[in-house]
Structures are given as structure tokens and as C-alpha cells.
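Text of target-v1.csv (CSV, C-alpha atoms) as supplied:
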```csv
chain,number,residue,atom,x,y,z
A,1,MET,CA,106.4,105.7,77.7
A,2,THR,CA,106.7,109.3,76.6
A,3,GLU,CA,107.3,111.6,79.5
A,4,ASN,CA,105.7,115.0,80.1
A,5,GLN,CA,103.8,115.3,76.9
A,6,ALA,CA,100.9,117.6,77.2
A,7,GLU,CA,97.7,116.0,78.4
A,8,TRP,CA,94.5,116.6,76.4
A,9,PRO,CA,92.5,119.3,78.2
A,10,LEU,CA,89.6,118.3,80.5
A,11,TYR,CA,86.0,119.1,79.4
A,12,GLU,CA,82.8,118.9,81.6
A,13,VAL,CA,79.9,117.2,79.9
A,14,PHE,CA,76.2,118.2,80.2
A,15,ILE,CA,73.4,116.1,78.8
A,16,ARG,CA,69.8,116.9,78.0
A,17,SER,CA,68.2,113.5,78.6
A,18,LYS,CA,65.0,114.5,76.7
A,19,ARG,CA,63.2,117.5,75.4
A,20,GLY,CA,61.7,119.7,78.1
A,21,LEU,CA,64.5,119.0,80.6
A,22,ASN,CA,67.6,120.9,81.5
A,23,HIS,CA,71.1,119.9,80.6
A,24,VAL,CA,72.6,118.1,83.6
A,25,HIS,CA,76.2,117.5,84.4
A,26,VAL,CA,77.2,113.9,83.9
A,27,GLY,CA,81.0,113.8,84.2
A,28,SER,CA,84.1,114.9,82.4
A,29,LEU,CA,86.5,113.7,79.7
A,30,HIS,CA,89.7,114.6,77.9
A,31,ALA,CA,89.7,115.8,74.3
A,32,PRO,CA,92.1,117.8,72.2
A,33,ASP,CA,89.3,120.2,71.2
A,34,ALA,CA,85.6,120.9,71.6
A,35,GLU,CA,84.5,119.1,68.5
A,36,LEU,CA,86.2,115.9,69.6
A,37,ALA,CA,85.0,116.4,73.1
A,38,LEU,CA,81.5,116.2,71.7
A,39,ARG,CA,82.2,113.0,69.8
A,40,HIS,CA,83.9,111.4,72.8
A,41,ALA,CA,80.9,112.5,75.0
A,42,ARG,CA,78.6,110.7,72.7
A,43,ASP,CA,80.6,107.5,73.0
A,44,VAL,CA,81.2,107.7,76.7
A,45,TYR,CA,77.9,109.1,78.1
A,46,THR,CA,75.2,108.3,75.6
A,47,ARG,CA,75.6,104.7,74.5
A,48,ARG,CA,72.0,103.9,75.5
A,49,ASN,CA,70.0,106.9,74.2
A,50,GLU,CA,70.7,108.8,77.4
A,51,GLY,CA,70.5,112.2,75.6
A,52,VAL,CA,69.1,114.3,72.9
A,53,SER,CA,71.6,117.1,73.2
A,54,ILE,CA,75.2,117.5,74.6
A,55,TRP,CA,77.1,120.5,75.9
A,56,VAL,CA,80.8,120.3,76.5
A,57,VAL,CA,82.7,123.1,78.4
A,58,PRO,CA,86.4,123.3,79.1
A,59,SER,CA,86.7,122.6,82.8
A,60,ALA,CA,89.2,125.5,83.2
A,61,ASP,CA,86.4,127.9,82.1
A,62,ILE,CA,84.0,127.1,84.9
A,63,THR,CA,83.8,129.6,87.8
A,64,ALA,CA,82.5,127.9,90.9
A,65,SER,CA,81.5,129.2,94.4
A,66,SER,CA,83.8,127.9,97.1
A,67,PRO,CA,82.4,125.6,99.8
A,68,GLN,CA,84.3,127.6,102.4
A,69,GLU,CA,82.3,130.8,101.7
A,70,LYS,CA,79.0,129.1,101.6
A,71,ASP,CA,77.7,130.8,104.7
A,72,PRO,CA,78.1,134.4,103.5
A,73,LEU,CA,77.3,133.4,99.9
A,74,PHE,CA,74.0,131.7,100.6
A,75,ALA,CA,73.0,133.6,103.8
A,76,PRO,CA,71.0,136.3,102.0
A,77,SER,CA,68.5,133.8,100.8
A,78,GLY,CA,68.3,132.1,104.2
A,79,ASP,CA,66.7,135.1,105.9
A,80,LYS,CA,64.2,135.9,103.0
A,81,VAL,CA,61.6,133.4,104.0
A,82,TYR,CA,59.0,135.6,102.3
A,83,ARG,CA,60.3,134.2,99.0
A,84,HIS,CA,58.6,131.0,99.7
A,85,PRO,CA,54.8,130.4,99.2
A,86,THR,CA,54.4,128.8,102.6
A,87,PHE,CA,55.3,132.2,104.2
A,88,TYR,CA,51.7,133.4,103.5
A,89,ASP,CA,48.7,132.3,105.5
A,90,ILE,CA,45.8,131.7,103.2
A,91,PRO,CA,42.5,130.4,104.7
A,92,SER,CA,41.9,126.8,103.7
A,93,ASN,CA,38.5,127.5,102.2
A,94,VAL,CA,40.1,129.6,99.4
A,95,PRO,CA,40.4,127.3,96.4
A,96,HIS,CA,43.2,126.9,93.8
A,97,MET,CA,45.8,128.7,95.9
B,1,MET,CA,99.9,130.0,106.1
B,2,GLN,CA,99.0,127.5,108.8
B,3,VAL,CA,95.3,126.5,108.6
B,4,ASP,CA,93.6,125.2,111.7
B,5,GLU,CA,92.2,122.0,110.5
B,6,ALA,CA,90.2,121.1,113.6
B,7,PRO,CA,87.0,123.0,112.6
B,8,LEU,CA,87.3,121.7,109.0
B,9,GLU,CA,87.6,118.1,110.2
B,10,LYS,CA,84.5,118.7,112.5
B,11,ALA,CA,82.5,119.9,109.5
B,12,PHE,CA,83.7,116.9,107.4
B,13,ASP,CA,82.7,114.5,110.2
B,14,ALA,CA,79.3,116.1,110.5
B,15,THR,CA,78.7,115.8,106.8
B,16,ILE,CA,79.6,112.1,106.9
B,17,GLY,CA,77.7,111.5,110.1
B,18,ALA,CA,74.5,113.0,108.5
B,19,GLY,CA,74.8,110.6,105.6
B,20,ASP,CA,75.5,113.5,103.3
B,21,ARG,CA,78.0,113.4,100.4
B,22,ILE,CA,81.4,114.9,100.2
B,23,GLU,CA,82.0,116.9,97.0
B,24,PRO,CA,85.3,117.7,95.2
B,25,ARG,CA,85.8,121.2,96.5
B,26,ASP,CA,85.1,120.3,100.1
B,27,TRP,CA,87.9,120.1,102.6
B,28,MET,CA,88.7,116.4,103.4
B,29,PRO,CA,91.3,114.6,105.5
B,30,GLU,CA,94.4,113.8,103.4
B,31,LYS,CA,94.0,110.1,104.3
B,32,TYR,CA,90.3,110.1,103.1
B,33,ARG,CA,91.6,111.6,99.8
B,34,GLN,CA,94.4,109.0,99.5
B,35,THR,CA,92.2,106.1,100.3
B,36,LEU,CA,89.7,107.2,97.7
B,37,ILE,CA,92.3,107.7,95.1
B,38,ARG,CA,93.6,104.2,95.7
B,39,GLN,CA,90.2,102.6,95.6
B,40,VAL,CA,88.6,104.5,92.7
B,41,ALA,CA,91.8,104.3,90.6
B,42,GLN,CA,92.1,100.6,91.3
B,43,HIS,CA,88.5,100.3,90.2
B,44,ALA,CA,89.1,102.3,87.0
B,45,HIS,CA,92.2,100.2,86.2
B,46,SER,CA,90.1,97.0,86.7
B,47,GLU,CA,87.6,98.2,84.1
B,48,ILE,CA,90.4,99.1,81.6
B,49,ILE,CA,92.4,95.9,82.1
B,50,GLY,CA,89.1,94.0,82.2
B,51,MET,CA,88.7,94.7,78.5
B,52,GLN,CA,91.5,92.3,77.7
B,53,PRO,CA,90.3,88.8,78.7
B,54,GLU,CA,87.1,89.2,76.8
B,55,GLY,CA,88.5,91.3,74.0
B,56,ASN,CA,90.6,88.2,73.3
B,57,TRP,CA,87.5,86.6,71.9
B,58,ILE,CA,86.0,89.3,69.7
B,59,THR,CA,87.5,88.1,66.5
B,60,ARG,CA,86.5,84.5,67.2
B,61,ALA,CA,82.9,85.1,68.4
B,62,PRO,CA,80.8,82.2,67.1
B,63,SER,CA,78.1,84.4,65.4
B,64,LEU,CA,77.5,88.0,64.4
B,65,ARG,CA,75.0,88.4,67.3
B,66,ARG,CA,77.6,87.2,69.8
B,67,LYS,CA,80.2,89.4,68.3
B,68,ALA,CA,78.0,92.5,68.5
B,69,VAL,CA,77.1,91.8,72.1
B,70,LEU,CA,80.7,91.2,73.1
B,71,LEU,CA,81.9,94.4,71.3
B,72,ALA,CA,79.2,96.4,73.2
B,73,LYS,CA,80.2,94.8,76.4
B,74,VAL,CA,83.9,95.5,76.0
B,75,GLN,CA,83.1,99.1,75.0
B,76,ASP,CA,81.1,99.4,78.2
B,77,GLU,CA,84.1,98.4,80.2
B,78,ALA,CA,86.1,101.2,78.5
B,79,GLY,CA,83.2,103.6,79.4
B,80,HIS,CA,83.2,102.5,83.0
B,81,GLY,CA,86.9,103.0,83.2
B,82,LEU,CA,86.5,106.5,81.9
B,83,TYR,CA,83.6,107.4,84.3
B,84,LEU,CA,85.9,106.2,87.2
B,85,TYR,CA,89.0,108.0,85.9
B,86,SER,CA,86.9,111.2,85.7
B,87,ALA,CA,85.8,110.7,89.3
B,88,THR,CA,89.4,110.0,90.4
B,89,GLU,CA,90.6,113.2,88.7
B,90,THR,CA,88.3,115.3,90.9
B,91,LEU,CA,90.5,114.2,93.8
B,92,GLY,CA,93.4,116.1,92.3
B,93,VAL,CA,95.4,113.5,90.3
B,94,SER,CA,95.8,113.7,86.6
B,95,ARG,CA,94.8,111.0,84.0
B,96,ASP,CA,98.4,110.7,82.8
B,97,GLU,CA,99.6,110.1,86.3
B,98,LEU,CA,97.0,107.4,86.8
B,99,THR,CA,97.9,105.7,83.6
B,100,ARG,CA,101.6,105.9,84.6
B,101,ARG,CA,100.9,104.4,88.1
B,102,LEU,CA,99.0,101.5,86.4
B,103,ILE,CA,101.8,100.8,83.9
B,104,GLU,CA,104.5,101.0,86.5
B,105,GLY,CA,102.7,98.6,88.8
B,106,LYS,CA,102.2,101.2,91.5
B,107,GLN,CA,98.5,100.9,91.5
B,108,LYS,CA,96.6,97.6,91.3
B,109,TYR,CA,93.6,96.3,89.5
B,110,SER,CA,91.3,93.4,90.3
B,111,SER,CA,93.2,90.1,90.5
B,112,ILE,CA,90.4,88.3,88.5
B,113,PHE,CA,91.7,89.8,85.2
B,114,ASN,CA,95.0,88.0,85.6
B,115,TYR,CA,93.3,84.7,84.8
B,116,PRO,CA,93.2,83.7,81.1
B,117,THR,CA,90.1,83.1,78.9
B,118,LEU,CA,90.7,79.7,77.4
B,119,THR,CA,87.4,79.0,75.8
B,120,TYR,CA,84.3,80.9,74.6
B,121,ALA,CA,82.4,79.6,77.6
B,122,ASP,CA,84.7,81.9,79.7
B,123,VAL,CA,83.0,84.9,78.1
B,124,GLY,CA,79.8,83.6,79.6
B,125,SER,CA,81.4,82.8,83.0
B,126,ILE,CA,82.9,86.2,83.2
B,127,GLY,CA,79.5,87.8,82.5
B,128,TRP,CA,77.7,85.6,85.0
B,129,LEU,CA,80.2,85.2,87.9
B,130,VAL,CA,82.7,88.0,87.5
B,131,ASP,CA,80.2,90.7,86.6
B,132,GLY,CA,77.8,89.2,89.1
B,133,ALA,CA,80.4,89.6,91.9
B,134,ALA,CA,81.2,93.1,90.6
B,135,ILE,CA,77.5,94.0,90.9
B,136,CYS,CA,77.4,92.7,94.5
B,137,ASN,CA,80.4,95.0,95.3
B,138,GLN,CA,79.1,98.0,93.3
B,139,VAL,CA,75.5,98.3,94.2
B,140,PRO,CA,76.3,99.4,97.8
B,141,LEU,CA,78.9,101.8,96.4
B,142,CYS,CA,76.2,103.8,94.7
B,143,ARG,CA,75.7,105.2,98.3
B,144,THR,CA,79.4,105.8,99.0
B,145,SER,CA,80.3,109.0,100.8
B,146,TYR,CA,82.2,110.6,97.9
B,147,GLY,CA,79.7,112.2,95.5
B,148,PRO,CA,81.5,111.7,92.1
B,149,TYR,CA,82.3,108.1,92.9
B,150,GLY,CA,78.7,107.3,93.9
B,151,ARG,CA,77.4,109.0,90.7
B,152,ALA,CA,79.9,107.0,88.5
B,153,MET,CA,78.7,103.8,90.3
B,154,ILE,CA,75.1,104.5,89.6
B,155,ARG,CA,75.8,104.8,85.8
B,156,ILE,CA,77.9,101.6,86.0
B,157,CYS,CA,75.4,99.5,87.9
B,158,LYS,CA,72.7,100.4,85.3
B,159,GLU,CA,74.9,98.9,82.6
B,160,GLU,CA,76.3,95.9,84.5
B,161,SER,CA,72.9,94.1,84.5
B,162,PHE,CA,73.3,93.7,80.7
B,163,HIS,CA,76.7,92.2,81.2
B,164,GLN,CA,75.5,89.6,83.7
B,165,ARG,CA,72.5,88.7,81.7
B,166,GLN,CA,74.3,88.3,78.4
B,167,GLY,CA,76.8,86.0,80.1
B,168,TYR,CA,74.2,83.8,81.7
B,169,GLU,CA,72.2,83.6,78.5
B,170,LEU,CA,75.3,82.6,76.6
B,171,LEU,CA,75.9,79.7,79.1
B,172,MET,CA,72.2,78.7,78.9
B,173,THR,CA,72.5,78.5,75.2
B,174,MET,CA,75.6,76.2,75.5
B,175,MET,CA,73.9,74.1,78.1
B,176,ARG,CA,71.1,73.4,75.5
B,177,GLY,CA,73.8,72.2,73.1
B,178,THR,CA,76.0,69.1,72.9
B,179,ASP,CA,77.6,67.1,75.8
B,180,GLU,CA,80.9,68.7,74.8
B,181,GLN,CA,79.4,72.2,75.1
B,182,ARG,CA,78.0,71.4,78.5
B,183,ALA,CA,81.3,70.1,79.7
B,184,MET,CA,83.0,73.2,78.4
B,185,VAL,CA,80.6,75.3,80.5
B,186,GLN,CA,81.2,73.3,83.6
B,187,GLU,CA,85.0,73.4,83.1
B,188,SER,CA,84.9,77.2,82.7
B,189,VAL,CA,82.7,77.6,85.9
B,190,ASN,CA,85.2,75.4,87.8
B,191,ARG,CA,88.0,77.7,86.9
B,192,PHE,CA,86.2,81.0,87.6
B,193,TRP,CA,84.3,80.1,90.8
B,194,TRP,CA,87.2,80.6,93.3
B,195,PRO,CA,88.8,83.6,91.6
B,196,ALA,CA,85.3,85.2,91.6
B,197,LEU,CA,85.0,84.7,95.4
B,198,MET,CA,88.4,86.3,95.8
B,199,MET,CA,87.2,89.4,94.0
B,200,PHE,CA,85.7,90.5,97.4
B,201,GLY,CA,89.1,90.8,98.8
B,202,PRO,CA,90.8,89.1,101.8
B,203,PRO,CA,88.8,87.9,104.8
B,204,ASP,CA,87.7,90.7,107.1
B,205,GLY,CA,90.4,89.8,109.6
B,206,ASP,CA,93.1,90.4,107.0
B,207,SER,CA,91.6,93.6,105.5
B,208,PRO,CA,93.3,96.4,107.5
B,209,ASN,CA,91.6,99.3,105.5
B,210,THR,CA,88.0,98.1,105.9
B,211,ALA,CA,87.2,99.6,109.4
B,212,GLN,CA,88.4,103.1,108.5
B,213,SER,CA,86.7,102.9,105.0
B,214,MET,CA,83.4,102.0,106.6
B,215,GLU,CA,83.7,104.7,109.2
B,216,TRP,CA,84.1,107.2,106.4
B,217,GLY,CA,81.2,105.7,104.4
B,218,ILE,CA,83.5,104.8,101.5
B,219,LYS,CA,82.7,101.1,101.9
B,220,ARG,CA,79.2,100.1,103.2
B,221,HIS,CA,79.7,96.3,103.8
B,222,THR,CA,82.7,94.1,104.7
B,223,ASN,CA,84.4,91.8,102.2
B,224,ASP,CA,83.0,88.7,104.0
B,225,GLU,CA,79.4,90.1,104.0
B,226,LEU,CA,79.5,90.7,100.3
B,227,ARG,CA,81.1,87.3,99.6
B,228,GLN,CA,78.3,85.6,101.5
B,229,ARG,CA,75.7,87.6,99.6
B,230,PHE,CA,77.2,86.6,96.3
B,231,VAL,CA,77.3,82.9,97.2
B,232,ASP,CA,73.7,83.0,98.3
B,233,MET,CA,72.7,84.6,95.0
B,234,SER,CA,74.7,82.3,92.8
B,235,VAL,CA,73.8,78.9,94.0
B,236,PRO,CA,70.2,78.9,92.7
B,237,GLN,CA,71.4,80.4,89.5
B,238,ALA,CA,73.9,77.5,89.1
B,239,GLU,CA,71.0,75.1,89.8
B,240,ALA,CA,68.8,76.7,87.1
B,241,LEU,CA,71.8,76.5,84.7
B,242,GLY,CA,72.6,72.9,85.5
B,243,VAL,CA,76.2,73.3,86.7
B,244,THR,CA,77.9,72.8,90.0
B,245,PHE,CA,80.5,74.8,91.9
B,246,PRO,CA,83.8,73.1,92.7
B,247,ASP,CA,83.3,73.3,96.5
B,248,PRO,CA,82.5,70.1,98.5
B,249,GLU,CA,81.8,72.2,101.5
B,250,LEU,CA,79.0,74.2,99.8
B,251,GLN,CA,75.7,73.5,101.5
B,252,TRP,CA,72.6,75.2,102.8
B,253,ASN,CA,72.7,76.2,106.5
B,254,GLU,CA,69.2,76.3,107.7
B,255,GLU,CA,70.2,78.0,111.0
B,256,ARG,CA,72.0,80.9,109.3
B,257,GLY,CA,69.6,81.1,106.3
B,258,SER,CA,72.7,81.1,104.1
B,259,TYR,CA,75.0,78.8,102.3
B,260,ASP,CA,78.2,77.5,104.1
B,261,PHE,CA,81.1,77.4,101.7
B,262,GLY,CA,84.8,76.5,101.7
B,263,GLU,CA,87.8,78.8,102.1
B,264,PRO,CA,89.3,80.2,98.9
B,265,ASP,CA,93.0,79.6,98.4
B,266,TRP,CA,94.3,82.8,99.9
B,267,ASP,CA,98.0,82.0,99.1
B,268,GLU,CA,97.0,81.9,95.5
B,269,PHE,CA,95.2,85.2,95.9
B,270,TRP,CA,98.2,87.0,97.4
B,271,GLN,CA,100.5,85.5,94.7
B,272,VAL,CA,98.2,87.0,92.0
B,273,VAL,CA,98.0,90.3,93.8
B,274,LYS,CA,101.8,90.4,94.1
B,275,GLY,CA,102.1,90.0,90.3
B,276,ASN,CA,102.6,86.3,90.0
B,277,GLY,CA,99.3,85.3,88.4
B,278,PRO,CA,99.0,83.6,85.1
B,279,CYS,CA,98.6,86.8,83.0
B,280,ASN,CA,99.9,89.8,85.1
B,281,THR,CA,102.9,90.5,82.9
B,282,GLN,CA,100.9,90.1,79.7
B,283,ARG,CA,98.1,92.4,80.8
B,284,ILE,CA,100.4,95.3,81.8
B,285,ALA,CA,102.6,94.9,78.7
B,286,HIS,CA,99.5,95.0,76.5
B,287,ARG,CA,98.2,98.2,78.2
B,288,LYS,CA,101.6,99.8,77.9
B,289,ALA,CA,101.9,98.9,74.3
B,290,ALA,CA,98.5,100.4,73.6
B,291,TYR,CA,99.4,103.6,75.4
B,292,ASP,CA,102.8,103.9,73.6
B,293,ASP,CA,101.3,103.1,70.2
B,294,GLY,CA,98.7,105.7,70.7
B,295,ALA,CA,101.1,108.5,71.6
B,296,TRP,CA,101.3,109.8,68.0
B,297,VAL,CA,97.5,110.0,67.8
B,298,ARG,CA,97.3,112.1,71.0
B,299,GLU,CA,100.1,114.3,69.9
B,300,ALA,CA,98.7,114.8,66.4
B,301,ALA,CA,95.3,115.6,67.7
B,302,LEU,CA,96.8,118.3,70.0
B,303,ALA,CA,98.8,119.7,67.1
B,304,PHE,CA,95.7,119.8,64.9
B,305,ALA,CA,93.7,121.6,67.6
B,306,ALA,CA,96.6,124.1,68.2
B,307,LYS,CA,96.8,124.8,64.5
B,308,ALA,CA,93.0,125.3,64.2
B,309,ARG,CA,93.1,127.8,67.0
B,310,ALA,CA,96.0,129.7,65.4
B,311,ASP,CA,94.2,129.8,62.0
B,312,GLU,CA,91.1,131.2,63.8
B,313,ASN,CA,93.2,133.9,65.4
B,314,ASP,CA,94.8,135.0,62.1
```
Would it be possible to restate this file's structure as C-alpha cells?
Amino acid sequence: MTENQAEWPLYEVFIRSKRGLNHVHVGSLHAPDAELALRHARDVYTRRNEGVSIWVVPSADITASSPQEKDPLFAPSGDKVYRHPTFYDIPSNVPHM
Amino acid sequence: MQVDEAPLEKAFDATIGAGDRIEPRDWMPEKYRQTLIRQVAQHAHSEIIGMQPEGNWITRAPSLRRKAVLLAKVQDEAGHGLYLYSATETLGVSRDELTRRLIEGKQKYSSIFNYPTLTYADVGSIGWLVDGAAICNQVPLCRTSYGPYGRAMIRICKEESFHQRQGYELLMTMMRGTDEQRAMVQESVNRFWWPALMMFGPPDGDSPNTAQSMEWGIKRHTNDELRQRFVDMSVPQAEALGVTFPDPELQWNEERGSYDFGEPDWDEFWQVVKGNGPCNTQRIAHRKAAYDDGAWVREAALAFAAKARADEND
């Protein structure tokens, strides 16, 4: 087999399963360019009407938070309990709240 | 820089202990990574090689309906292989490397695909028994500890049910046919029963990786547990179909609430695993030819994409 030829780049695939829902990550695939990535995504990830819309993104273009820094990164939301509705005591006789 | 792995390993163990999933960017013990690469790649290769025994019959399907079904099924196997390759790549190994390891015989695939498909009834037997055994193996893997593997398995399990049902329906149709067709079904089941039992791997006593894999939550049940489950599921299905399994020791055990069954020929199993099955050479040669013959397409597509990018930048 041919040695060391360049591999097709990796794309991450996101599918909107139906109108009204977000695109959700479903997996990845290799394709030479974005247009073919879309076509491959249709064949690989939507053989049974799993989607009404597909996004493909080059995997190399994704910036992700690192699991090692999760404590400092997510700590600011950990001590802001007042962002949650249950922080506030409302008497039980107040309706629709 | 020397990293102290002790706290990392502790966090890893805590995640596994809590029944939580490990995700690609998490620290993981090197042996966990290597075990997963071996298992998920082997699984991916099985799907890809698994296209061949059935693909063999696409041009000779007996009707347009059967042909459409078989095409869809073989296309699913390709899809399953791609989901699993995608999961394997998150462990830091490239697709080209995986293909190379398969073609060079450095990674294995399920030994079942080294058996030939001699009659059209084999398409039915594979759907019913081989995919049935695969479902037994795969359903618990939906809860495996490595996130991308579990997610791939969920997608696959949803689609396997079609595979098993089309196979069983095919056999039911033949059983309603002539004596010759019924004999063809029985002969096919006779050939596939024991290899299907071998799909669960060697007996627990000879499966050195099982204990560690279960501790890590990669595997959820032992080989023998899953094999027993498969036998118990299959016997009533065989009765409904009107065929028998080629095992004189197969009988209901009231005490255990399970079927007793005979021992598969483990010498045959190890021979096939070591590459001496009926079709090992042919399967790998075919895969290699497909890869080599497709090289110009991969190269042309890359060249076309590069040119399109260059034109855009002009």
C-alpha cells in the first residue's frame, strides 16, 4: 500500500434531529473538503432520517477547555447559587411561580 | 517534565468507580488506552471485514426486495465500522494507522467472518445468529466506561435489530418453501451455530484480559455469561423457525433455568484466530486490494480540494 500519503482531514459532525432542537455532536469522519464532508455525513450519520440539518466543522478548528483546568474554569459558577431559581424562598401559597 | 500520575490515576479510578464515563481529553492509564484501542479497533475491523461474506451475494439476491435489503444491511456494516473508527481515533491513533494494522495482520477482527457464505440461506443465518450474537455482545457495551465507544454502540444497537429481523424473516420465508429450501436453511444453521457461539471469545478461564476489562468498566459481562444468554435466547427462536442446532448436549436445565450446551471446538477457534480459517487470506487480500485500488481517488480528492482552496485565495 502507498506509504505516508496525506490522510483526509477529520471533520466533526453535528446533526439537528428535528426542527426546534439544537445541533448535537454525533461523531466524526474524514473528507477531503467541507462539501464532501457534508455528503459523507449524510451517508454515515443519517441513513434513517436522523436529521434535518447537518453541520461539519474541521476538528482542528475546535477550541476545547481542558479537563485538567476544570476546577478553575467552572468554579465561578459553582459559588453563584443565586443563579438558580431554588435559591429563592417563595411561600407555597403564591401561584404560578 | 515528570508528571506525578498518582493523583491523576486516583481521579480516573474515582470516575470509573462512580459509574461515570471517561472522555477523550481525560487522563487515562496507558494500559486502559491500549486495551480500548485493541478492542474498539478489532470491533471496527469486524464491521468492515463483515461486509465481505454478505456482499458476496448482492449480485445474486433472489429478488429486488432482497437485494435492496442486503445492500442496506451491508451499507450499515460500513457505517458501523466508521462510527467505531471515529471512536478509536479519539484515543490518539490515526485512521491510516488502523487500516495498516488490519491489512498487515497486526490487529484482529471477529473470527466469524473467516467462514464462507456458500448459499443464500447463509445471508439469513448471519442476520439471525451472527448479528444476534453481536447484539448480545453489544447491548451491554452501550454502558461501557469510555464515552465515545458507548455512544457508537448505542447507534449501532439501534440498527442491528433490523439486521437480525431481516435474517430471521429470510429464513422463515425459505422454511415456507420447498423441502430443498428447508434443507438449505438447516444446513446453513448447522454450519453457523458453533462459529456463532465462538464469537463470544474463549471460555472465561482462557480469557486473560477479561478481569481487568471488567474492573475498568470496558466489559460488563464475561464471555461465558454472554454465550449462555445467547443460547437461551436462540433455542426458542430455532423452535419457532423449525430448525435444530447441531448439539446433542443441548437441553433445558430446570435447576439453572438455562439451557445446557456442548463445548465449541476451541482448537478450531484458535486456528481461525491465528489466521488458518477457511477465508482469512481472502478477506485481508480483498481489503488490501480495495484500499490500494482506492488510493488514486483519495489522492485526486485531496488535490481537487487543494486546488479549490488555491483558486479561492487568488
Problem - Contacts of segment 42-57 of chain A within 12 Å, all atoms listed in the file, excl. fewer than 6 positions in-chain, as a ChimeraX atom specification - result: /A:9-31,33-36,63 /B:72-73,75-84,86,152,155-156,158-159,162
Exercise for the section: Please work out which residues fall within 8 Å of (97.6, 106.8, 77.7), coordinates as given in the file, with all atoms listed in the file counting, and return them as number ranges by chain. Expected result: B: 96, 99, 290-292, 294-295
Test item: residues at most 10 Å from Glu89 of chain B, only C-alpha atoms, excluding those fewer than 3 positions along its chain, as an mmCIF file with C-alpha atoms, keeping the file's coordinate frame:
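This went into around.cif:
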```cif
data_model
loop_
_atom_site.group_PDB
_atom_site.id
_atom_site.type_symbol
_atom_site.label_atom_id
_atom_site.label_comp_id
_atom_site.auth_asym_id
_atom_site.auth_seq_id
_atom_site.Cartn_x
_atom_site.Cartn_y
_atom_site.Cartn_z
ATOM 1 C CA LEU A 10 89.600 118.300 80.500
ATOM 2 C CA SER A 28 84.100 114.900 82.400
ATOM 3 C CA LEU A 29 86.500 113.700 79.700
ATOM 4 C CA PRO B 24 85.300 117.700 95.200
ATOM 5 C CA ILE B 37 92.300 107.700 95.100
ATOM 6 C CA VAL B 40 88.600 104.500 92.700
ATOM 7 C CA ALA B 41 91.800 104.300 90.600
ATOM 8 C CA LEU B 84 85.900 106.200 87.200
ATOM 9 C CA TYR B 85 89.000 108.000 85.900
ATOM 10 C CA SER B 86 86.900 111.200 85.700
ATOM 11 C CA GLY B 92 93.400 116.100 92.300
ATOM 12 C CA VAL B 93 95.400 113.500 90.300
ATOM 13 C CA SER B 94 95.800 113.700 86.600
ATOM 14 C CA ARG B 95 94.800 111.000 84.000
ATOM 15 C CA GLU B 97 99.600 110.100 86.300
ATOM 16 C CA LEU B 98 97.000 107.400 86.800
ATOM 17 C CA PRO B 148 81.500 111.700 92.100
#
```
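One finds atom CA of Asp122 of chain B at 19.7 Å from atom CA of Cys136 of chain B.
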Fill in the blank from the handout: One residue among B:Ile218, B:Ala196, B:Ala14, B:Ile112 is nearest to Cys142 of chain B when using all atoms listed in the file, and that residue is B:Ile218
Practice task
With only C-alpha atoms counted, which protein, DNA or RNA residues have an atom no more than 12 Å from (84.0, 87.0, 70.1) in the file frame? Please answer as a ChimeraX atom specification.
Solution key: /B:52-74,117,119-124,170
Handout entry: atom CA of Tyr146 of chain B to atom CA of Asp20 of chain B, distance in Å rounded to a single decimal
Key = 9.1 Å
Fill in the blank from the handout: One decimal place gives the atom CA of Asn276 of chain B-atom CA of Phe113 of chain B separation as 12.4 Å
Could you list, as a short mmCIF file (atom, residue, chain, number, x, y, z; two decimals) with C-alpha atoms, in the frame of the given file, every residue within 12 Å of Arg21 of chain B, counting all atoms listed in the file and ignoring same-chain residues fewer than 4 positions away?
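Result file out.cif:
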```
data_model
loop_
_atom_site.label_atom_id
_atom_site.label_comp_id
_atom_site.auth_asym_id
_atom_site.auth_seq_id
_atom_site.Cartn_x
_atom_site.Cartn_y
_atom_site.Cartn_z
CA PHE B 12 83.70 116.90 107.40
CA ASP B 13 82.70 114.50 110.20
CA ALA B 14 79.30 116.10 110.50
CA THR B 15 78.70 115.80 106.80
CA ILE B 16 79.60 112.10 106.90
CA GLY B 17 77.70 111.50 110.10
CA ARG B 25 85.80 121.20 96.50
CA ASP B 26 85.10 120.30 100.10
CA MET B 28 88.70 116.40 103.40
CA CYS B 142 76.20 103.80 94.70
CA ARG B 143 75.70 105.20 98.30
CA THR B 144 79.40 105.80 99.00
CA SER B 145 80.30 109.00 100.80
CA TYR B 146 82.20 110.60 97.90
CA GLY B 147 79.70 112.20 95.50
CA PRO B 148 81.50 111.70 92.10
CA TYR B 149 82.30 108.10 92.90
CA GLY B 150 78.70 107.30 93.90
CA ARG B 151 77.40 109.00 90.70
CA TRP B 216 84.10 107.20 106.40
CA GLY B 217 81.20 105.70 104.40
CA ILE B 218 83.50 104.80 101.50
#
```
Practice task
Go through B:Asp260, B:Asp293, B:Asp314, B:Glu268 one by one, measure the shortest atom-to-atom distance of each to chain A using only C-alpha atoms, and give the residue with the smallest value.
Solution key: B:Asp293
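Counting only C-alpha atoms and comparing B:Met174, B:Leu129, B:Cys157, B:Ala306, the residue that lies closest to Phe230 of chain B is B:Leu129.
Take the candidates B:Gln181, B:Asn223, B:Ile103, B:Pro140 and check each one against Ala289 of chain B using all atoms listed in the file; the shortest distance goes to B:Ile103.
Nearest to chain A of all the residues B:Pro7, B:Gly205, B:Gly277, B:Pro248 is B:Pro7, based on all atoms listed in the file.
For the choices B:Val139, B:Leu197, B:Glu180, B:Arg100, the atom-to-atom distance to Ser234 of chain B is smallest for B:Leu197 when using only C-alpha atoms.
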